[in-house]
>>> print(open('upload37.cif').read())   # mmCIF, C-alpha atoms
data_start
loop_
_atom_site.label_atom_id
_atom_site.label_comp_id
_atom_site.auth_asym_id
_atom_site.auth_seq_id
_atom_site.Cartn_x
_atom_site.Cartn_y
_atom_site.Cartn_z
CA MET A 211 11.72 55.54 -10.81
CA ARG A 212 11.53 54.79 -14.51
CA ASN A 213 13.67 51.67 -14.05
CA LEU A 214 11.37 50.41 -11.28
CA THR A 215 8.33 50.93 -13.53
CA LEU A 216 10.00 49.05 -16.38
CA LEU A 217 10.98 46.21 -14.06
CA THR A 218 7.43 45.95 -12.68
CA ALA A 219 5.94 45.85 -16.20
CA PHE A 220 8.49 43.26 -17.28
CA LEU A 221 7.72 41.02 -14.31
CA MET A 222 3.95 41.31 -14.84
CA LEU A 223 4.39 40.12 -18.43
CA VAL A 224 7.06 37.47 -17.94
CA LEU A 225 6.03 35.72 -14.70
CA PRO A 226 2.67 34.42 -15.99
CA ALA A 227 4.29 33.39 -19.28
CA ILE A 228 6.83 31.14 -17.54
CA GLY A 229 4.26 29.66 -15.16
CA LEU A 230 5.08 31.72 -12.08
CA PRO A 231 2.28 33.62 -10.36
CA ALA A 232 2.36 37.40 -10.72
CA ASN A 233 0.61 37.60 -7.36
CA ALA A 234 1.77 35.46 -4.42
CA GLN A 235 -1.89 34.77 -3.56
CA ASP A 236 -2.36 32.96 -6.89
CA LYS A 237 -0.60 29.83 -5.61
CA PRO A 238 -0.17 28.27 -2.16
CA SER A 239 3.19 28.97 -0.56
CA PRO A 240 5.71 26.12 -0.27
CA THR A 241 5.11 26.19 3.49
CA ALA A 242 1.35 25.75 3.01
CA GLN A 243 1.91 22.95 0.49
CA GLN A 244 4.29 21.22 2.91
CA SER A 245 1.88 21.56 5.83
CA ASP A 246 -1.10 20.26 3.84
CA LEU A 247 0.87 17.32 2.47
CA MET A 248 2.32 16.37 5.85
CA LYS A 249 -1.19 16.29 7.35
CA GLU A 250 -2.04 13.65 4.75
CA PHE A 251 1.20 11.71 5.38
CA ALA A 252 0.83 11.70 9.20
CA GLY A 253 0.41 8.26 10.73
CA ASN A 254 1.37 4.65 10.17
CA TRP A 255 1.60 2.96 6.78
CA GLU A 256 2.29 -0.62 5.57
CA ALA A 257 3.08 -2.23 2.23
CA THR A 258 4.30 -5.27 0.37
CA GLY A 259 6.42 -4.86 -2.71
CA THR A 260 9.91 -5.16 -4.12
CA SER A 261 12.88 -3.34 -2.60
CA PHE A 262 16.48 -3.65 -3.76
CA GLY A 263 15.24 -6.40 -6.11
CA LEU A 264 13.84 -8.56 -3.28
CA PRO A 265 10.30 -9.31 -2.07
CA SER A 266 9.65 -7.02 0.86
CA LYS A 267 7.29 -5.85 3.58
CA SER A 268 7.61 -2.21 4.57
CA LYS A 269 6.40 0.08 7.34
CA MET A 270 6.51 3.84 7.36
CA THR A 271 5.53 6.34 10.09
CA TRP A 272 5.27 10.12 9.65
CA THR A 273 5.20 12.38 12.73
CA GLU A 274 6.14 15.85 13.89
CA ASP A 275 9.35 15.74 15.93
CA LEU A 276 11.93 17.81 17.82
CA ALA A 277 9.55 20.33 19.40
CA GLY A 278 7.48 20.50 16.22
CA ARG A 279 10.34 21.91 14.14
CA PHE A 280 10.69 18.88 11.88
CA TYR A 281 8.60 16.25 10.17
CA ARG A 282 10.09 12.80 10.69
CA VAL A 283 9.69 9.66 8.63
CA GLU A 284 10.69 6.29 10.07
CA TYR A 285 11.10 3.73 7.32
CA ARG A 286 11.55 -0.03 7.72
CA ILE A 287 11.96 -2.59 4.95
CA ASP A 288 12.08 -6.33 5.70
CA MET A 289 13.40 -8.19 2.65
CA GLU A 290 13.40 -11.94 2.10
CA ARG A 291 16.55 -13.58 0.70
CA ASP A 292 17.39 -17.30 0.98
CA ASP A 293 14.77 -17.85 3.72
CA LYS A 294 16.33 -15.07 5.80
CA THR A 295 14.99 -11.61 6.56
CA GLN A 296 17.25 -8.62 5.98
CA THR A 297 16.09 -5.39 7.59
CA PHE A 298 16.82 -1.86 6.40
CA LEU A 299 15.96 1.05 8.71
CA GLY A 300 16.04 4.72 7.82
CA HIS A 301 15.01 8.01 9.41
CA GLY A 302 14.46 11.25 7.55
CA TYR A 303 14.01 14.70 9.04
CA TYR A 304 12.37 17.44 6.96
CA ARG A 305 12.62 21.00 8.33
CA LYS A 306 9.14 22.36 8.99
CA GLY A 307 8.59 25.37 6.72
CA GLY A 308 11.81 24.66 4.83
CA THR A 309 13.26 22.74 1.94
CA ASP A 310 16.15 20.99 3.66
CA GLY A 311 16.67 18.03 5.93
CA PHE A 312 18.77 14.93 6.41
CA TRP A 313 18.54 11.15 6.14
CA ALA A 314 20.34 8.46 8.17
CA ASP A 315 20.04 4.68 7.79
CA THR A 316 21.40 1.29 8.83
CA GLY A 317 23.58 1.20 5.72
CA GLY A 318 25.69 3.83 7.48
CA ASP A 319 24.54 6.62 5.18
CA LEU A 320 24.00 10.18 6.40
CA HIS A 321 22.73 12.41 3.60
CA PRO A 322 21.72 16.05 3.37
CA MET A 323 18.40 16.48 1.56
CA VAL A 324 16.88 19.19 -0.58
CA THR A 325 13.11 18.91 -0.95
CA ARG A 326 10.31 20.24 -3.07
CA TYR A 327 6.60 19.97 -2.29
CA THR A 328 3.66 19.85 -4.64
CA GLU A 329 -0.01 19.41 -3.85
CA TYR A 330 0.36 15.61 -3.97
CA ALA A 331 4.07 14.80 -3.62
CA LEU A 332 7.28 15.30 -1.69
CA ILE A 333 10.33 15.06 -3.95
CA THR A 334 13.76 14.80 -2.35
CA ILE A 335 17.26 14.88 -3.77
CA TRP A 336 19.67 13.38 -1.25
CA GLY A 337 23.43 13.03 -1.06
CA GLU A 338 26.22 15.23 -2.32
CA ALA A 339 27.87 15.90 -5.67
CA GLY A 340 30.85 13.60 -6.15
CA GLY A 341 29.39 11.06 -3.73
CA LYS A 342 26.33 8.86 -3.44
CA GLN A 343 23.25 10.68 -4.72
CA GLY A 344 19.63 9.70 -5.01
CA ARG A 345 16.09 10.87 -5.45
CA SER A 346 12.96 9.86 -3.54
CA ARG A 347 9.33 10.65 -4.30
CA TYR A 348 6.48 10.21 -1.81
CA GLU A 349 3.21 10.69 -3.70
CA LEU A 350 -0.40 10.51 -2.54
CA THR A 351 -2.44 8.15 -4.69
CA LYS A 352 -6.09 8.47 -5.71
CA ASP A 353 -7.06 5.57 -3.42
CA GLY A 354 -5.62 7.28 -0.32
CA GLY A 355 -2.25 5.53 -0.28
CA ILE A 356 1.31 6.75 -0.68
CA GLU A 357 3.57 5.50 -3.46
CA VAL A 358 7.26 5.71 -2.60
CA THR A 359 9.81 5.50 -5.41
CA ASP A 360 13.58 5.71 -4.92
CA TRP A 361 16.34 6.12 -7.49
CA ILE A 362 20.14 6.12 -7.26
CA LEU A 363 22.29 8.20 -9.61
CA GLN A 364 24.78 6.10 -11.56
CA GLU A 365 27.14 6.92 -14.42
CA THR A 366 24.43 5.81 -16.87
CA GLY A 367 21.72 7.92 -15.20
CA TRP A 368 18.97 7.34 -12.65
CA ARG A 369 18.24 3.70 -11.68
CA GLU A 370 15.11 2.84 -9.70
CA PHE A 371 15.79 0.57 -6.73
CA ASN A 372 12.59 0.76 -4.70
CA ARG A 373 8.90 1.17 -5.48
CA THR A 374 6.34 0.55 -2.78
CA LEU A 375 2.63 1.32 -2.51
CA PHE A 376 1.64 2.00 1.11
CA GLN A 377 -1.82 1.86 2.65
CA ARG A 378 -2.80 3.17 6.08
CA ALA A 379 -2.14 0.71 8.89
CA ASN A 380 -4.80 0.06 11.50
#
>>> encode(input="upload37.cif", output="structure tokens")
Amino acid sequence: MRNLTLLTAFLMLVLPAIGLPANAQDKPSPTAQQSDLMKEFAGNWEATGTSFGLPSKSKMTWTEDLAGRFYRVEYRIDMERDDKTQTFLGHGYYRKGGTDGFWADTGGDLHPMVTRYTEYALITIWGEAGGKQGRSRYELTKDGGIEVTDWILQETGWREFNRTLFQRAN
């Protein structure tokens, strides 16, 4: 009993000091943060920007999928190079109430994902150690848009390869 009392006292002192809530009601659960964020993401989005170093037009659609057990993003980038359009398509599935998922795209990639949700952003690490790895951030902006930023992990560190500011499509 004494050990349990000491552990409880220790946790009450340490958790607030390291930024963790002593009471679970002090902070929304990851599931609540995910649900709130996905409500904001739901729908169709469009953007112009630069992707893979090329001028681009992008479309993004967020929906619930697979009997409501996943959130799905469909991502399309049309890039202009030498008067020709190159298209990149990707689909991501984020487990509803969870922190995992997967990504597949027209580059032939199939990546596991680990996600983290904040009040305004979804942050994903994708790929596997020893292979291709990246990071993506979908963040709500003050003007009601979503900024998407993607990085790839290289020997010299993280290199940004895509940054796009989406606005709701009509």
>>> atom_distance(input="upload37.cif", atom1="CA of Leu320 (chain A)", atom2="CA of Gly337 (chain A)")
8.0 Å
>>> atom_distance(input="upload37.cif", atom1="CA of Trp272 (chain A)", atom2="CA of Gly317 (chain A)")
20.7 Å
>>> residues_around(input="upload37.cif", residues="region 362-369 of chain A", least_positions_apart="4", cutoff="7 Å", atoms="all atoms listed in the file", output="list in words")
Gln343, Gly344 and Arg345 of chain A
>>> resolve_selection(input="upload37.cif", expression="the PyMOL selection byres ((chain A and resi 311) around 8)", output="NGL selection string")
:A and (302-305 or 309-310 or 312-313 or 322-325)
>>> write_last_selection(input="upload37.cif", atoms="C-alpha atoms", output="compact mmCIF listing (two decimals), in the coordinates of the input")
# COMPACT_ATOMS: atom_id res chain seq x y z
CA GLY A 302 14.46 11.25 7.55
CA TYR A 303 14.01 14.70 9.04
CA TYR A 304 12.37 17.44 6.96
CA ARG A 305 12.62 21.00 8.33
CA THR A 309 13.26 22.74 1.94
CA ASP A 310 16.15 20.99 3.66
CA PHE A 312 18.77 14.93 6.41
CA TRP A 313 18.54 11.15 6.14
CA PRO A 322 21.72 16.05 3.37
CA MET A 323 18.40 16.48 1.56
CA VAL A 324 16.88 19.19 -0.58
CA THR A 325 13.11 18.91 -0.95
>>> atom_distance(input="upload37.cif", atom1="CA of Gln244 (chain A)", atom2="CA of Gly307 (chain A)")
7.1 Å
>>> axis_aligned_box(input="upload37.cif", around="region 281-284 of chain A", padding_each_side="6 Å", output="lines of an AutoDock Vina configuration file")
center_x = 9.6
center_y = 11.3
center_z = 9.7
size_x = 14.1
size_y = 22.0
size_z = 14.1
>>> closest_residue(input="upload37.cif", among="A:Thr334, A:Asn380, A:Thr241, A:Asn372", to="Ser266 (chain A)", atoms="only C-alpha atoms")
A:Asn372
>>> closest_residue(input="upload37.cif", among="A:Trp255, A:Tyr327, A:Phe376, A:Trp336", to="Trp361 (chain A)", atoms="all atoms listed in the file")
A:Trp336
>>> resolve_selection(input="upload37.cif", expression="the PyMOL selection byres ((chain A and resi 259) around 12)", output="PyMOL selection string")
chain A and resi 256-258+260-269+287-290+357-359+371-377
>>> closest_residue(input="upload37.cif", among="A:Gly341, A:Leu350, A:Ala314, A:Arg291", to="Glu329 (chain A)", atoms="only C-alpha atoms")
A:Leu350
>>> residues_near_point(input="upload37.cif", point="(6.7, 12.2, 11.5)", cutoff="7 Å", atoms="all atoms listed in the file", output="PyMOL selection string")
chain A and resi 252+271-275+281-283
>>> residues_near_point(input="upload37.cif", point="(-5.3, 12.0, -0.2)", cutoff="12 Å", atoms="only C-alpha atoms", output="count of residues only")
21
>>> closest_residue(input="upload37.cif", among="A:Leu332, A:Ala339, A:Leu299, A:Ala379", to="Thr316 (chain A)", atoms="all atoms listed in the file")
A:Leu299
>>> closest_residue(input="upload37.cif", among="A:Lys306, A:Ala242, A:Gly318, A:Glu370", to="Leu276 (chain A)", atoms="all atoms listed in the file")
A:Lys306
>>> decode(input="upload37.cif", residues="region 259-271 of chain A", atoms="all heavy atoms", output="PDB file, in the first residue's frame")
ATOM      1  N   GLY A 259       0.438  25.303 -56.404  1.00  0.00           N
ATOM      2  CA  GLY A 259       1.663  25.407 -55.621  1.00  0.00           C
ATOM      3  C   GLY A 259       2.831  24.798 -56.354  1.00  0.00           C
ATOM      4  O   GLY A 259       2.872  24.776 -57.585  1.00  0.00           O
ATOM      5  N   THR A 260       3.776  24.295 -55.581  1.00  0.00           N
ATOM      6  CA  THR A 260       4.960  23.637 -56.121  1.00  0.00           C
ATOM      7  C   THR A 260       5.080  22.267 -55.454  1.00  0.00           C
ATOM      8  O   THR A 260       5.078  22.168 -54.237  1.00  0.00           O
ATOM      9  CB  THR A 260       6.225  24.468 -55.833  1.00  0.00           C
ATOM     10  OG1 THR A 260       6.053  25.751 -56.422  1.00  0.00           O
ATOM     11  CG2 THR A 260       7.457  23.796 -56.409  1.00  0.00           C
ATOM     12  N   SER A 261       5.165  21.238 -56.283  1.00  0.00           N
ATOM     13  CA  SER A 261       5.320  19.873 -55.788  1.00  0.00           C
ATOM     14  C   SER A 261       6.455  19.209 -56.539  1.00  0.00           C
ATOM     15  O   SER A 261       6.508  19.292 -57.771  1.00  0.00           O
ATOM     16  CB  SER A 261       4.034  19.068 -56.006  1.00  0.00           C
ATOM     17  OG  SER A 261       2.958  19.672 -55.330  1.00  0.00           O
ATOM     18  N   PHE A 262       7.347  18.569 -55.820  1.00  0.00           N
ATOM     19  CA  PHE A 262       8.501  17.897 -56.416  1.00  0.00           C
ATOM     20  C   PHE A 262       9.295  18.880 -57.291  1.00  0.00           C
ATOM     21  O   PHE A 262       9.861  18.501 -58.306  1.00  0.00           O
ATOM     22  CB  PHE A 262       8.061  16.679 -57.240  1.00  0.00           C
ATOM     23  CG  PHE A 262       7.266  15.675 -56.452  1.00  0.00           C
ATOM     24  CD1 PHE A 262       5.884  15.669 -56.515  1.00  0.00           C
ATOM     25  CD2 PHE A 262       7.904  14.757 -55.638  1.00  0.00           C
ATOM     26  CE1 PHE A 262       5.142  14.746 -55.785  1.00  0.00           C
ATOM     27  CE2 PHE A 262       7.169  13.829 -54.909  1.00  0.00           C
ATOM     28  CZ  PHE A 262       5.785  13.829 -54.989  1.00  0.00           C
ATOM     29  N   GLY A 263       9.281  20.162 -56.913  1.00  0.00           N
ATOM     30  CA  GLY A 263      10.026  21.189 -57.633  1.00  0.00           C
ATOM     31  C   GLY A 263       9.346  21.698 -58.888  1.00  0.00           C
ATOM     32  O   GLY A 263       9.932  22.484 -59.638  1.00  0.00           O
ATOM     33  N   LEU A 264       8.109  21.309 -59.149  1.00  0.00           N
ATOM     34  CA  LEU A 264       7.399  21.709 -60.368  1.00  0.00           C
ATOM     35  C   LEU A 264       6.124  22.472 -60.024  1.00  0.00           C
ATOM     36  O   LEU A 264       5.488  22.197 -59.002  1.00  0.00           O
ATOM     37  CB  LEU A 264       7.025  20.466 -61.187  1.00  0.00           C
ATOM     38  CG  LEU A 264       8.170  19.592 -61.668  1.00  0.00           C
ATOM     39  CD1 LEU A 264       7.632  18.302 -62.276  1.00  0.00           C
ATOM     40  CD2 LEU A 264       9.012  20.358 -62.695  1.00  0.00           C
ATOM     41  N   PRO A 265       5.705  23.410 -60.912  1.00  0.00           N
ATOM     42  CA  PRO A 265       4.406  24.057 -60.707  1.00  0.00           C
ATOM     43  C   PRO A 265       3.314  22.993 -60.712  1.00  0.00           C
ATOM     44  O   PRO A 265       3.359  22.057 -61.519  1.00  0.00           O
ATOM     45  CB  PRO A 265       4.266  24.984 -61.916  1.00  0.00           C
ATOM     46  CG  PRO A 265       5.621  25.074 -62.527  1.00  0.00           C
ATOM     47  CD  PRO A 265       6.376  23.852 -62.126  1.00  0.00           C
ATOM     48  N   SER A 266       2.338  23.143 -59.820  1.00  0.00           N
ATOM     49  CA  SER A 266       1.345  22.078 -59.702  1.00  0.00           C
ATOM     50  C   SER A 266      -0.036  22.612 -59.348  1.00  0.00           C
ATOM     51  O   SER A 266      -0.191  23.707 -58.820  1.00  0.00           O
ATOM     52  CB  SER A 266       1.790  21.076 -58.644  1.00  0.00           C
ATOM     53  OG  SER A 266       1.857  21.701 -57.382  1.00  0.00           O
ATOM     54  N   LYS A 267      -1.026  21.777 -59.659  1.00  0.00           N
ATOM     55  CA  LYS A 267      -2.404  21.965 -59.215  1.00  0.00           C
ATOM     56  C   LYS A 267      -2.760  20.681 -58.474  1.00  0.00           C
ATOM     57  O   LYS A 267      -2.499  19.581 -58.964  1.00  0.00           O
ATOM     58  CB  LYS A 267      -3.344  22.182 -60.391  1.00  0.00           C
ATOM     59  CG  LYS A 267      -3.108  23.504 -61.084  1.00  0.00           C
ATOM     60  CD  LYS A 267      -4.086  23.716 -62.209  1.00  0.00           C
ATOM     61  CE  LYS A 267      -3.777  25.041 -62.886  1.00  0.00           C
ATOM     62  NZ  LYS A 267      -4.646  25.272 -64.030  1.00  0.00           N
ATOM     63  N   SER A 268      -3.349  20.839 -57.297  1.00  0.00           N
ATOM     64  CA  SER A 268      -3.629  19.678 -56.460  1.00  0.00           C
ATOM     65  C   SER A 268      -5.085  19.644 -56.031  1.00  0.00           C
ATOM     66  O   SER A 268      -5.729  20.677 -55.881  1.00  0.00           O
ATOM     67  CB  SER A 268      -2.751  19.697 -55.213  1.00  0.00           C
ATOM     68  OG  SER A 268      -1.386  19.690 -55.562  1.00  0.00           O
ATOM     69  N   LYS A 269      -5.570  18.427 -55.811  1.00  0.00           N
ATOM     70  CA  LYS A 269      -6.907  18.197 -55.267  1.00  0.00           C
ATOM     71  C   LYS A 269      -6.764  17.194 -54.134  1.00  0.00           C
ATOM     72  O   LYS A 269      -5.943  16.279 -54.196  1.00  0.00           O
ATOM     73  CB  LYS A 269      -7.845  17.644 -56.335  1.00  0.00           C
ATOM     74  CG  LYS A 269      -8.141  18.638 -57.432  1.00  0.00           C
ATOM     75  CD  LYS A 269      -9.122  18.069 -58.436  1.00  0.00           C
ATOM     76  CE  LYS A 269      -9.393  19.117 -59.497  1.00  0.00           C
ATOM     77  NZ  LYS A 269     -10.417  18.668 -60.444  1.00  0.00           N
ATOM     78  N   MET A 270      -7.591  17.393 -53.127  1.00  0.00           N
ATOM     79  CA  MET A 270      -7.550  16.518 -51.965  1.00  0.00           C
ATOM     80  C   MET A 270      -8.990  16.332 -51.481  1.00  0.00           C
ATOM     81  O   MET A 270      -9.750  17.299 -51.411  1.00  0.00           O
ATOM     82  CB  MET A 270      -6.685  17.174 -50.882  1.00  0.00           C
ATOM     83  CG  MET A 270      -6.554  16.421 -49.605  1.00  0.00           C
ATOM     84  SD  MET A 270      -5.347  17.191 -48.460  1.00  0.00           S
ATOM     85  CE  MET A 270      -6.139  18.751 -48.062  1.00  0.00           C
ATOM     86  N   THR A 271      -9.358  15.093 -51.151  1.00  0.00           N
ATOM     87  CA  THR A 271     -10.689  14.796 -50.623  1.00  0.00           C
ATOM     88  C   THR A 271     -10.545  13.932 -49.384  1.00  0.00           C
ATOM     89  O   THR A 271      -9.869  12.908 -49.413  1.00  0.00           O
ATOM     90  CB  THR A 271     -11.550  14.058 -51.674  1.00  0.00           C
ATOM     91  OG1 THR A 271     -11.649  14.864 -52.844  1.00  0.00           O
ATOM     92  CG2 THR A 271     -12.945  13.770 -51.130  1.00  0.00           C
TER      93      THR A 271
END
